[in-house]
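Student: Structure file model_13.cif (mmCIF, C-alpha atoms) right here:
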```cif
data_entry
#
loop_
_atom_site.label_atom_id
_atom_site.label_comp_id
_atom_site.auth_asym_id
_atom_site.auth_seq_id
_atom_site.Cartn_x
_atom_site.Cartn_y
_atom_site.Cartn_z
CA MET A 1278 -37.46 -24.73 -38.55
CA ALA A 1279 -40.97 -23.56 -39.07
CA SER A 1280 -41.86 -22.78 -35.46
CA MET A 1281 -40.33 -22.73 -32.04
CA SER A 1282 -42.04 -22.84 -28.66
CA SER A 1283 -40.74 -22.71 -25.14
CA ALA A 1284 -40.81 -26.50 -25.20
CA LEU A 1285 -38.60 -26.65 -28.27
CA THR A 1286 -34.90 -26.27 -27.56
CA ARG A 1287 -33.52 -27.44 -30.87
CA PHE A 1288 -31.16 -24.54 -31.48
CA SER A 1289 -28.72 -23.33 -28.85
CA GLY A 1290 -28.89 -19.61 -28.34
CA LEU A 1291 -32.49 -19.37 -29.56
CA SER A 1292 -35.22 -19.41 -26.94
CA SER A 1293 -38.00 -17.10 -28.14
CA LYS A 1294 -40.97 -18.42 -30.07
CA THR A 1295 -40.54 -17.91 -33.80
CA THR A 1296 -43.04 -18.36 -36.62
CA LEU A 1297 -41.88 -18.45 -40.21
CA SER A 1298 -43.59 -16.34 -42.82
CA PRO A 1299 -44.53 -17.91 -46.18
CA ASP A 1300 -41.56 -16.22 -47.86
CA PHE A 1301 -39.05 -17.35 -45.23
CA ASP A 1302 -35.60 -18.10 -46.66
CA HIS A 1303 -34.86 -21.67 -45.59
CA SER A 1304 -31.28 -21.51 -46.80
CA SER A 1305 -30.47 -18.81 -44.27
CA ARG A 1306 -32.13 -20.81 -41.48
CA ARG A 1307 -29.84 -23.72 -42.14
CA THR A 1308 -26.91 -21.67 -40.87
CA PHE A 1309 -28.27 -22.23 -37.35
CA LEU A 1310 -28.12 -25.99 -37.78
CA PRO A 1311 -25.14 -28.20 -37.02
CA PRO A 1312 -23.95 -30.36 -39.96
CA ASN A 1313 -26.77 -32.75 -40.91
CA ARG A 1314 -28.65 -31.52 -37.81
CA VAL A 1315 -26.82 -34.06 -35.65
CA GLY A 1316 -25.83 -33.63 -32.02
CA LEU A 1317 -29.24 -32.74 -30.67
CA LYS A 1318 -29.97 -33.36 -27.03
CA ILE A 1319 -31.94 -36.47 -26.17
CA SER A 1320 -32.68 -36.80 -22.49
CA SER A 1321 -35.30 -37.31 -19.86
CA SER A 1322 -36.15 -34.38 -17.64
CA SER A 1323 -34.91 -34.61 -14.07
CA SER A 1324 -37.51 -35.42 -11.47
CA SER A 1325 -37.76 -33.37 -8.32
CA GLU A 1326 -37.02 -35.34 -5.19
CA THR A 1327 -40.32 -34.13 -3.79
CA ASP A 1328 -42.37 -35.55 -6.69
CA SER A 1329 -44.48 -38.51 -5.63
CA GLU A 1330 -44.79 -39.92 -9.14
CA PRO A 1331 -42.01 -40.86 -11.60
CA ASP A 1332 -41.36 -38.24 -14.28
CA LEU A 1333 -42.55 -39.40 -17.70
CA SER A 1334 -41.41 -36.33 -19.64
CA VAL A 1335 -38.82 -36.77 -22.38
CA THR A 1336 -36.86 -34.46 -24.63
CA VAL A 1337 -36.15 -36.03 -28.01
CA ASN A 1338 -34.22 -34.20 -30.74
CA GLY A 1339 -34.87 -31.00 -28.83
CA LEU A 1340 -38.63 -31.65 -28.67
CA LYS A 1341 -40.06 -31.71 -25.15
CA MET A 1342 -42.96 -34.10 -24.57
CA PRO A 1343 -44.97 -34.63 -21.35
CA ASN A 1344 -44.71 -38.40 -21.80
CA PRO A 1345 -43.21 -40.84 -24.34
CA PHE A 1346 -46.57 -41.92 -25.79
CA VAL A 1347 -46.98 -40.77 -29.39
CA ILE A 1348 -49.96 -41.16 -31.70
CA GLY A 1349 -48.64 -43.24 -34.61
CA SER A 1350 -49.33 -42.16 -38.16
CA GLY A 1351 -52.65 -43.53 -39.37
CA PRO A 1352 -56.38 -43.07 -38.74
CA PRO A 1353 -55.85 -41.60 -35.22
CA GLY A 1354 -54.11 -38.61 -36.83
CA THR A 1355 -56.24 -38.20 -39.92
CA ASN A 1356 -57.76 -34.75 -39.31
CA TYR A 1357 -57.88 -31.70 -37.03
CA THR A 1358 -60.70 -33.03 -34.84
CA VAL A 1359 -59.01 -36.28 -33.85
CA MET A 1360 -55.53 -34.74 -33.45
CA LYS A 1361 -56.97 -32.03 -31.20
CA ARG A 1362 -58.63 -34.77 -29.14
CA ALA A 1363 -55.27 -36.50 -28.77
CA PHE A 1364 -53.64 -33.32 -27.44
CA ASP A 1365 -56.57 -32.68 -25.09
CA GLU A 1366 -56.34 -36.22 -23.68
CA GLY A 1367 -52.63 -35.79 -22.97
CA TRP A 1368 -50.68 -37.71 -25.61
CA GLY A 1369 -46.99 -36.82 -25.67
CA ALA A 1370 -47.00 -36.05 -29.39
CA VAL A 1371 -49.07 -36.64 -32.50
CA ILE A 1372 -47.84 -37.92 -35.84
CA ALA A 1373 -50.40 -37.09 -38.50
CA LYS A 1374 -51.52 -39.49 -41.19
CA THR A 1375 -49.08 -39.54 -44.11
CA VAL A 1376 -49.56 -36.81 -46.70
CA SER A 1377 -48.27 -36.43 -50.26
CA LEU A 1378 -48.55 -33.74 -52.91
CA ASP A 1379 -51.41 -35.28 -54.91
CA ALA A 1380 -54.13 -36.80 -52.75
CA SER A 1381 -56.36 -37.32 -55.79
CA LYS A 1382 -54.37 -40.47 -56.58
CA VAL A 1383 -55.26 -41.94 -53.18
CA ILE A 1384 -58.52 -43.91 -53.33
CA ASN A 1385 -59.48 -46.07 -50.36
CA VAL A 1386 -61.90 -49.00 -50.32
CA THR A 1387 -64.13 -50.32 -47.56
CA PRO A 1388 -64.14 -52.55 -45.67
CA ARG A 1389 -60.39 -52.15 -45.30
CA TYR A 1390 -59.72 -53.78 -41.93
CA ALA A 1391 -59.71 -57.39 -40.76
CA ARG A 1392 -59.10 -58.82 -37.29
CA LEU A 1393 -57.28 -61.90 -36.06
CA LYS A 1394 -59.05 -63.57 -33.14
CA THR A 1395 -57.82 -66.13 -30.65
CA GLY A 1396 -60.66 -68.53 -31.37
CA SER A 1397 -61.21 -70.78 -34.36
CA ASN A 1398 -62.10 -69.38 -37.76
CA GLY A 1399 -65.58 -67.91 -37.61
CA SER A 1400 -65.71 -67.52 -33.82
CA ALA A 1401 -67.42 -64.33 -32.75
CA LYS A 1402 -66.77 -63.96 -29.01
CA THR A 1403 -62.99 -64.21 -28.81
CA ASP A 1404 -60.18 -61.78 -28.09
CA VAL A 1405 -58.72 -59.75 -30.95
CA ILE A 1406 -54.94 -60.10 -31.07
CA GLY A 1407 -54.13 -58.96 -34.62
CA TRP A 1408 -55.30 -56.28 -37.01
CA GLN A 1409 -54.81 -55.96 -40.75
CA ASN A 1410 -55.38 -52.89 -42.89
CA ILE A 1411 -55.30 -52.23 -46.61
CA GLU A 1412 -55.69 -48.50 -46.00
CA LEU A 1413 -53.69 -45.98 -48.01
CA ILE A 1414 -52.16 -42.67 -46.95
CA SER A 1415 -54.33 -39.58 -46.49
CA ASP A 1416 -56.93 -39.09 -49.20
CA ARG A 1417 -57.60 -35.52 -48.09
CA PRO A 1418 -56.20 -32.61 -50.18
CA LEU A 1419 -52.76 -31.52 -49.03
CA GLU A 1420 -53.97 -27.93 -48.70
CA THR A 1421 -56.62 -29.07 -46.22
CA MET A 1422 -54.15 -31.03 -44.12
CA LEU A 1423 -51.66 -28.14 -44.12
CA LYS A 1424 -54.35 -25.74 -42.95
CA GLU A 1425 -55.18 -28.07 -40.07
CA PHE A 1426 -51.51 -28.51 -39.13
CA LYS A 1427 -51.16 -24.75 -38.90
CA GLN A 1428 -54.34 -24.42 -36.83
CA LEU A 1429 -53.19 -27.10 -34.40
CA LYS A 1430 -49.80 -25.44 -33.89
CA GLN A 1431 -51.47 -22.11 -33.28
CA GLU A 1432 -53.79 -23.61 -30.68
CA TYR A 1433 -51.18 -25.93 -29.12
CA PRO A 1434 -47.84 -24.12 -29.56
CA ASP A 1435 -46.18 -26.12 -26.80
CA ARG A 1436 -47.30 -29.54 -28.00
CA ILE A 1437 -45.40 -31.64 -30.52
CA LEU A 1438 -46.97 -32.17 -33.95
CA ILE A 1439 -45.05 -34.34 -36.41
CA ALA A 1440 -45.95 -34.58 -40.08
CA SER A 1441 -45.63 -37.94 -41.81
CA ILE A 1442 -44.76 -37.44 -45.46
CA MET A 1443 -44.30 -39.66 -48.50
CA GLU A 1444 -43.72 -38.77 -52.12
CA GLU A 1445 -42.90 -40.30 -55.47
CA TYR A 1446 -39.33 -40.65 -56.74
CA SER A 1447 -38.84 -36.97 -57.51
CA LYS A 1448 -36.34 -34.60 -55.92
CA THR A 1449 -38.41 -31.53 -56.73
CA GLY A 1450 -41.52 -33.27 -55.43
CA TRP A 1451 -39.89 -34.07 -52.10
CA GLU A 1452 -38.51 -30.54 -51.82
CA GLU A 1453 -41.89 -28.96 -52.51
CA LEU A 1454 -43.65 -31.22 -50.03
CA ILE A 1455 -41.12 -30.53 -47.28
CA ASP A 1456 -41.23 -26.78 -47.87
CA ARG A 1457 -45.01 -26.60 -47.77
CA VAL A 1458 -45.33 -28.83 -44.71
CA GLU A 1459 -42.65 -26.98 -42.73
CA GLN A 1460 -44.40 -23.65 -43.35
CA THR A 1461 -47.27 -24.83 -41.14
CA GLY A 1462 -45.04 -24.92 -38.05
CA VAL A 1463 -44.77 -28.69 -37.54
CA ASP A 1464 -42.03 -29.69 -35.12
CA ALA A 1465 -40.55 -32.63 -37.02
CA LEU A 1466 -40.98 -34.88 -40.04
CA GLU A 1467 -41.44 -38.64 -40.08
CA ILE A 1468 -40.62 -40.05 -43.50
CA ASN A 1469 -42.80 -42.98 -44.53
CA PHE A 1470 -40.28 -45.37 -46.07
CA SER A 1471 -42.35 -48.29 -44.90
CA CYS A 1472 -45.98 -48.51 -46.04
CA PRO A 1473 -46.16 -52.16 -47.17
CA HIS A 1474 -49.00 -51.80 -49.64
CA GLY A 1475 -50.69 -49.28 -51.90
CA MET A 1476 -48.41 -47.57 -54.38
CA PRO A 1477 -45.12 -49.43 -54.89
CA GLU A 1478 -45.41 -48.75 -58.62
CA ARG A 1479 -44.92 -45.06 -57.80
CA ARG A 1480 -41.74 -45.91 -55.83
CA MET A 1481 -43.31 -44.83 -52.55
CA GLY A 1482 -43.25 -46.26 -49.03
CA ALA A 1483 -41.58 -49.64 -48.59
CA ALA A 1484 -40.44 -49.58 -52.22
CA VAL A 1485 -37.87 -47.02 -51.03
CA GLY A 1486 -37.22 -48.50 -47.58
CA GLN A 1487 -36.37 -51.89 -49.09
CA ASP A 1488 -33.83 -50.47 -51.56
CA CYS A 1489 -30.87 -49.02 -49.66
CA ALA A 1490 -29.36 -47.32 -52.73
CA LEU A 1491 -32.66 -45.59 -53.48
CA LEU A 1492 -33.13 -44.83 -49.78
CA GLU A 1493 -29.74 -43.14 -49.56
CA GLU A 1494 -30.51 -40.94 -52.55
CA VAL A 1495 -33.95 -39.90 -51.30
CA CYS A 1496 -32.67 -39.31 -47.75
CA GLY A 1497 -30.05 -37.04 -49.25
CA TRP A 1498 -32.72 -34.93 -50.93
CA ILE A 1499 -34.81 -34.79 -47.77
CA ASN A 1500 -32.05 -33.88 -45.34
CA ALA A 1501 -30.60 -31.23 -47.63
CA LYS A 1502 -33.99 -29.51 -47.57
CA ALA A 1503 -35.48 -30.16 -44.12
CA THR A 1504 -34.87 -27.70 -41.29
CA VAL A 1505 -36.62 -29.68 -38.55
CA PRO A 1506 -35.67 -33.10 -37.13
CA VAL A 1507 -36.26 -36.01 -39.50
CA TRP A 1508 -37.26 -39.54 -38.44
CA ALA A 1509 -37.05 -42.38 -40.97
CA LYS A 1510 -39.80 -44.96 -40.49
CA MET A 1511 -38.60 -48.48 -41.20
CA THR A 1512 -40.34 -51.41 -42.84
CA PRO A 1513 -40.02 -54.84 -41.16
CA ASN A 1514 -40.53 -56.48 -44.56
CA ILE A 1515 -36.82 -56.80 -45.17
CA THR A 1516 -34.07 -59.29 -44.34
CA ASP A 1517 -31.96 -57.02 -42.11
CA ILE A 1518 -33.70 -53.92 -40.76
CA THR A 1519 -30.43 -52.44 -39.53
CA GLU A 1520 -29.26 -51.83 -43.10
CA PRO A 1521 -31.86 -49.16 -44.04
CA ALA A 1522 -31.69 -47.74 -40.51
CA ARG A 1523 -27.93 -47.30 -40.86
CA VAL A 1524 -28.29 -45.68 -44.29
CA SER A 1525 -30.93 -43.26 -42.99
CA LEU A 1526 -28.76 -42.10 -40.08
CA LYS A 1527 -25.65 -41.75 -42.23
CA SER A 1528 -27.72 -39.71 -44.70
CA GLY A 1529 -28.64 -37.13 -42.07
CA CYS A 1530 -31.79 -38.32 -40.31
CA GLU A 1531 -31.92 -37.63 -36.57
CA GLY A 1532 -34.13 -40.55 -35.68
CA ILE A 1533 -35.46 -43.97 -36.59
CA ALA A 1534 -39.05 -45.15 -36.12
CA ALA A 1535 -39.75 -48.90 -36.20
CA ILE A 1536 -41.65 -50.88 -37.13
CA ASN A 1537 -44.39 -50.24 -39.63
CA THR A 1538 -46.88 -53.01 -40.32
CA ILE A 1539 -45.94 -56.49 -41.51
CA MET A 1540 -47.14 -57.65 -44.93
CA SER A 1541 -49.84 -60.24 -44.37
CA VAL A 1542 -52.91 -62.10 -45.51
CA MET A 1543 -55.25 -62.04 -42.53
CA GLY A 1544 -57.16 -65.19 -43.41
CA ILE A 1545 -59.84 -66.90 -45.46
CA ASP A 1546 -63.50 -67.01 -44.47
CA LEU A 1547 -64.19 -70.75 -44.42
CA LYS A 1548 -67.87 -70.19 -45.14
CA THR A 1549 -67.51 -68.00 -48.22
CA LEU A 1550 -63.97 -69.10 -49.16
CA HIS A 1551 -63.07 -65.43 -49.77
CA PRO A 1552 -60.07 -63.65 -48.19
CA GLU A 1553 -60.39 -60.95 -45.55
CA PRO A 1554 -60.88 -57.99 -45.64
CA CYS A 1555 -63.31 -58.76 -48.43
CA VAL A 1556 -64.11 -56.07 -50.99
CA GLU A 1557 -66.60 -57.21 -53.64
CA GLY A 1558 -65.38 -60.75 -53.13
CA TYR A 1559 -61.67 -59.90 -53.48
CA SER A 1560 -58.81 -58.73 -51.26
CA THR A 1561 -55.12 -57.82 -51.37
CA PRO A 1562 -52.23 -58.36 -48.91
CA GLY A 1563 -52.04 -55.62 -46.30
CA GLY A 1564 -50.29 -54.44 -43.15
CA TYR A 1565 -50.48 -56.51 -39.95
CA SER A 1566 -50.45 -54.77 -36.56
CA TYR A 1567 -51.64 -54.91 -32.93
CA LYS A 1568 -50.42 -56.96 -30.00
CA ALA A 1569 -49.63 -60.20 -31.86
CA VAL A 1570 -46.80 -58.43 -33.72
CA ARG A 1571 -45.14 -57.07 -30.56
CA PRO A 1572 -42.50 -59.84 -30.23
CA ILE A 1573 -41.42 -59.20 -33.83
CA ALA A 1574 -41.34 -55.45 -33.27
CA LEU A 1575 -39.30 -55.85 -30.09
CA ALA A 1576 -36.71 -57.92 -31.95
CA LYS A 1577 -36.42 -55.34 -34.74
CA VAL A 1578 -36.14 -52.48 -32.27
CA MET A 1579 -33.48 -54.38 -30.34
CA ASN A 1580 -31.49 -54.94 -33.54
CA ILE A 1581 -31.65 -51.26 -34.46
CA ALA A 1582 -30.80 -50.11 -30.93
CA GLN A 1583 -27.74 -52.36 -30.79
CA MET A 1584 -26.58 -51.07 -34.16
CA MET A 1585 -27.11 -47.45 -33.13
CA LYS A 1586 -25.24 -48.00 -29.86
CA SER A 1587 -22.25 -49.72 -31.45
CA GLU A 1588 -21.95 -47.59 -34.58
CA PHE A 1589 -23.41 -44.21 -33.57
CA GLY A 1590 -22.90 -44.30 -29.80
CA GLY A 1591 -21.46 -40.82 -29.59
CA LYS A 1592 -24.33 -39.15 -31.42
CA ASP A 1593 -27.72 -38.19 -30.02
CA TYR A 1594 -29.94 -40.07 -32.44
CA SER A 1595 -33.43 -41.14 -31.37
CA LEU A 1596 -35.46 -44.31 -31.68
CA SER A 1597 -39.25 -44.47 -31.67
CA GLY A 1598 -40.61 -47.98 -30.97
CA ILE A 1599 -43.80 -49.16 -32.66
CA GLY A 1600 -45.67 -52.44 -32.69
CA GLY A 1601 -48.53 -53.82 -30.63
CA VAL A 1602 -48.34 -51.48 -27.64
CA GLU A 1603 -51.55 -51.85 -25.62
CA THR A 1604 -50.34 -51.28 -22.06
CA GLY A 1605 -47.80 -49.15 -20.24
CA TYR A 1606 -45.93 -52.35 -19.46
CA ASP A 1607 -45.64 -53.06 -23.20
CA ALA A 1608 -44.16 -49.59 -23.58
CA ALA A 1609 -41.65 -50.32 -20.81
CA GLU A 1610 -40.32 -53.23 -22.86
CA PHE A 1611 -39.64 -51.00 -25.86
CA ILE A 1612 -37.94 -48.41 -23.66
CA LEU A 1613 -35.82 -51.09 -21.99
CA LEU A 1614 -34.63 -51.95 -25.49
CA GLY A 1615 -33.57 -48.37 -26.24
CA SER A 1616 -36.68 -46.53 -27.46
CA ASN A 1617 -36.97 -42.84 -26.57
CA THR A 1618 -40.66 -42.75 -27.46
CA VAL A 1619 -43.35 -45.36 -28.09
CA GLN A 1620 -45.98 -45.00 -30.81
CA VAL A 1621 -49.54 -46.30 -30.61
CA CYS A 1622 -51.91 -46.51 -33.57
CA THR A 1623 -54.08 -49.65 -33.62
CA GLY A 1624 -54.34 -49.45 -29.83
CA VAL A 1625 -56.06 -46.07 -30.17
CA MET A 1626 -58.49 -47.53 -32.71
CA VAL A 1627 -59.39 -50.27 -30.22
CA HIS A 1628 -59.36 -48.35 -26.91
CA GLY A 1629 -59.82 -44.67 -27.81
CA TYR A 1630 -57.79 -41.52 -27.12
CA GLY A 1631 -58.40 -41.57 -23.37
CA HIS A 1632 -56.34 -44.77 -23.14
CA VAL A 1633 -53.20 -42.63 -22.79
CA LYS A 1634 -54.07 -42.05 -19.14
CA THR A 1635 -53.99 -45.80 -18.50
CA LEU A 1636 -50.73 -46.11 -20.44
CA CYS A 1637 -49.10 -43.40 -18.33
CA ALA A 1638 -50.36 -44.87 -15.05
CA GLU A 1639 -49.10 -48.34 -15.94
CA LEU A 1640 -45.70 -47.08 -17.04
CA GLN A 1641 -45.37 -45.13 -13.79
CA ASP A 1642 -46.36 -48.25 -11.87
CA PHE A 1643 -43.56 -50.18 -13.56
CA MET A 1644 -41.11 -47.39 -12.76
CA LYS A 1645 -42.12 -47.32 -9.09
CA GLN A 1646 -41.63 -51.08 -8.83
CA HIS A 1647 -37.98 -50.58 -9.82
CA ASN A 1648 -37.42 -47.16 -8.20
CA PHE A 1649 -36.89 -45.44 -11.55
CA SER A 1650 -37.40 -41.68 -11.43
CA THR A 1651 -37.10 -40.86 -15.14
CA ILE A 1652 -37.34 -42.61 -18.49
CA GLU A 1653 -33.58 -42.32 -18.93
CA ASP A 1654 -33.05 -44.31 -15.73
CA PHE A 1655 -33.95 -47.51 -17.56
CA ARG A 1656 -33.87 -46.74 -21.28
CA GLY A 1657 -31.77 -49.38 -23.02
CA HIS A 1658 -31.08 -51.26 -19.79
CA SER A 1659 -32.01 -54.68 -21.17
CA LEU A 1660 -29.81 -54.48 -24.28
CA GLN A 1661 -26.87 -55.75 -22.23
CA TYR A 1662 -28.56 -59.11 -21.76
CA PHE A 1663 -28.65 -60.05 -25.44
CA THR A 1664 -25.81 -62.13 -26.86
CA THR A 1665 -25.11 -64.88 -29.39
CA HIS A 1666 -26.23 -68.48 -29.15
CA THR A 1667 -22.59 -69.56 -28.98
CA ASP A 1668 -22.10 -67.32 -25.97
CA LEU A 1669 -25.23 -68.74 -24.32
CA VAL A 1670 -23.77 -72.25 -24.66
CA ARG A 1671 -20.51 -71.09 -23.07
CA ARG A 1672 -22.27 -69.31 -20.21
CA GLN A 1673 -24.47 -72.31 -19.42
CA LYS A 1674 -21.51 -74.70 -19.46
CA GLU A 1675 -19.63 -72.48 -17.02
CA ALA A 1676 -22.69 -72.17 -14.78
CA ILE A 1677 -23.20 -75.95 -14.68
CA GLU A 1678 -19.56 -76.50 -13.80
CA GLN A 1679 -19.82 -73.90 -11.06
CA ARG A 1680 -22.92 -75.56 -9.57
CA LYS A 1681 -21.20 -78.93 -9.60
CA ALA A 1682 -18.25 -77.43 -7.78
CA GLU A 1683 -20.57 -76.07 -5.09
CA ARG A 1684 -21.87 -79.43 -3.83
CA LYS A 1685 -24.19 -79.46 -0.89
CA GLY A 1686 -23.05 -81.05 2.33
CA LEU A 1687 -19.66 -81.85 3.72
CA LYS A 1688 -16.77 -82.94 1.59
CA SER A 1689 -15.08 -84.97 4.36
CA ASP A 1690 -15.76 -86.37 7.83
CA LYS A 1691 -13.19 -83.98 9.19
CA ASP A 1692 -15.52 -81.07 8.37
CA TRP A 1693 -18.15 -81.94 11.01
CA THR A 1694 -18.41 -79.42 13.83
CA GLY A 1695 -20.17 -79.52 17.17
CA ASP A 1696 -21.99 -76.18 16.93
CA GLY A 1697 -23.25 -76.68 13.40
CA PHE A 1698 -23.97 -80.40 13.61
CA VAL A 1699 -27.74 -80.18 13.01
CA LYS A 1700 -27.42 -77.82 10.03
CA GLU A 1701 -24.64 -79.91 8.58
CA THR A 1702 -26.86 -82.96 8.81
CA GLU A 1703 -29.74 -81.16 7.10
CA SER A 1704 -27.42 -80.05 4.28
CA MET A 1705 -27.06 -83.66 3.19
CA VAL A 1706 -30.72 -84.71 3.38
CA SER A 1707 -32.38 -85.21 -0.06
CA ASN A 1708 -36.05 -84.82 0.87
#
```
Translate the structure of the given file into structure tokens.
Tutor:
Amino acid sequence: MASMSSALTRFSGLSSKTTLSPDFDHSSRRTFLPPNRVGLKISSSSSSETDSEPDLSVTVNGLKMPNPFVIGSGPPGTNYTVMKRAFDEGWGAVIAKTVSLDASKVINVTPRYARLKTGSNGSAKTDVIGWQNIELISDRPLETMLKEFKQLKQEYPDRILIASIMEEYSKTGWEELIDRVEQTGVDALEINFSCPHGMPERRMGAAVGQDCALLEEVCGWINAKATVPVWAKMTPNITDITEPARVSLKSGCEGIAAINTIMSVMGIDLKTLHPEPCVEGYSTPGGYSYKAVRPIALAKVMNIAQMMKSEFGGKDYSLSGIGGVETGYDAAEFILLGSNTVQVCTGVMVHGYGHVKTLCAELQDFMKQHNFSTIEDFRGHSLQYFTTHTDLVRRQKEAIEQRKAERKGLKSDKDWTGDGFVKETESMVSN
């Protein structure tokens, strides 16, 4: 691991802050790690009985966060200035915009966003419910991003900074990228196996996440090299999202993040007849996000959580929920389905970094309504209420039969009593 603060309890027996030098021998560091770095503590901190507010702090893969709200990889984590702002405003953790070895190949266009509104095509004053982007990963030189990672960790040693990384199909390329990123002191890695657009021809992003054989191979390279926790970020653009999630965990990743954006065409301008976002009259399919995707994200997270519980129940893997979170109540839904943390990206672009205060207040309000003291008190609680359609039919049939058996009123004239005569009469009145 590249750095360790008092908030980072990843290795048992190690409590002092450690910073790796550029010539640090990673192979020797791996001796401190359990096989595949599995078995890390995932819990919510206990709340003091005297605290008036529910405790939002969480410890995920040994990383202590003041709350479960994480800046998702994208524009809100694109440089030092905005990531510093996120820490200052109180976000639980920051995941930087995805970096790769050669940023010179990354060329963005503008405009690169389009919005879905509730009104008819062309309406101006309507609510925005969906957001599409055709934005690529970071176009800033890797050296610049690494310098800023290091500066952030020096200024915020007790805050969690996670690097999002993506590379071409090259073992040496992945190893070099991991080594250079870890030297900055980042606390974990999120692997972008999920970007739906941009560079599939370079076997990057979703091109890996949609091919489980390729994913297993690349995960093997990554987890043999990484010395910090690794989260695999899943694409929803696949038939069964549990398959790549399962492969990632079996290949050594400590956590799953889901979902990335959904491949989409935002719409056609009915005045110009051109697609949106429109660049010189043309467009390309991109990633769909924001609150309209939340039901889809919740279903994918539920599927992954059920798989993790049934197949990896004895291991402390983590799940980071993503998709259309705009309120603390939205976040509660993801946590009820098993998420340890909740990522927000488009929501920050719409509401700003200070929105985290509202998110925390709303999540605490939900917790107070149910007398929950910590995140762990309700994490995964709602998973038990999902079943098959066949089972729903059986349950409803039994319930109907039970209601029929419990008829209102008296079954026989012999059941009338003197003391309860008025109530017994009322029990058989229909209006």
Student: Restricting the calculation to all atoms listed in the file, which member of A:Met1705, A:Ala1569, A:Ala1682, A:Ala1608 is positioned closest to Asp1404 in chain A?
Tutor: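 Result for the nearest residue to Asp1404 in chain A: A:Ala1569.
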Student: For a quick check of understanding, using only C-alpha atoms, which of A:His1647, A:His1551, A:Lys1374, A:Arg1392 has the smallest distance to Leu1413 in chain A?
Tutor: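 Result for the nearest residue to Leu1413 in chain A: A:Lys1374.
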Student: Excluding Asn1344 in chain A and any residue of its chain fewer than 5 positions from it, enumerate the residues within 6 Å of it, using all atoms listed in the file, and give them as a ChimeraX atom specification.
Tutor: /A:1333-1334,1369
Student: CA of Met1543 in chain A and CA of Trp1408 in chain A, how far apart in Å?
Tutor: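 Interatomic distance here is 8.0 Å.
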Student: Could you check how far CA of Leu1454 in chain A sits from CA of Ile1439 in chain A, in Å to one decimal?
Tutor: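 So the answer is 14.0 Å.
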Student: So which one's closest to Val1371 in chain A, A:Thr1664, A:Gln1673, A:Ser1541, A:Thr1618? Using only C-alpha atoms, please.
Tutor: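 Comparing A:Thr1664, A:Gln1673, A:Ser1541, A:Thr1618 against Val1371 in chain A, the winner is A:Thr1618.
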Student: Have a look at CA of Gly1354 in chain A and CA of Ala1373 in chain A and let me know their distance in Å, one decimal.
Tutor: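 One can read the CA of Gly1354 in chain A to CA of Ala1373 in chain A distance as 4.3 Å.
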Student: Quick one: everything within 12 Å of Asn1500 in chain A, counting only C-alpha atoms, minus sequence neighbours fewer than 4 positions away in the same chain. Send it as a ChimeraX atom specification.
Tutor: /A:1307,1310,1312-1315,1448,1451-1452,1455-1456,1465-1468,1492-1496,1504-1509,1525-1532
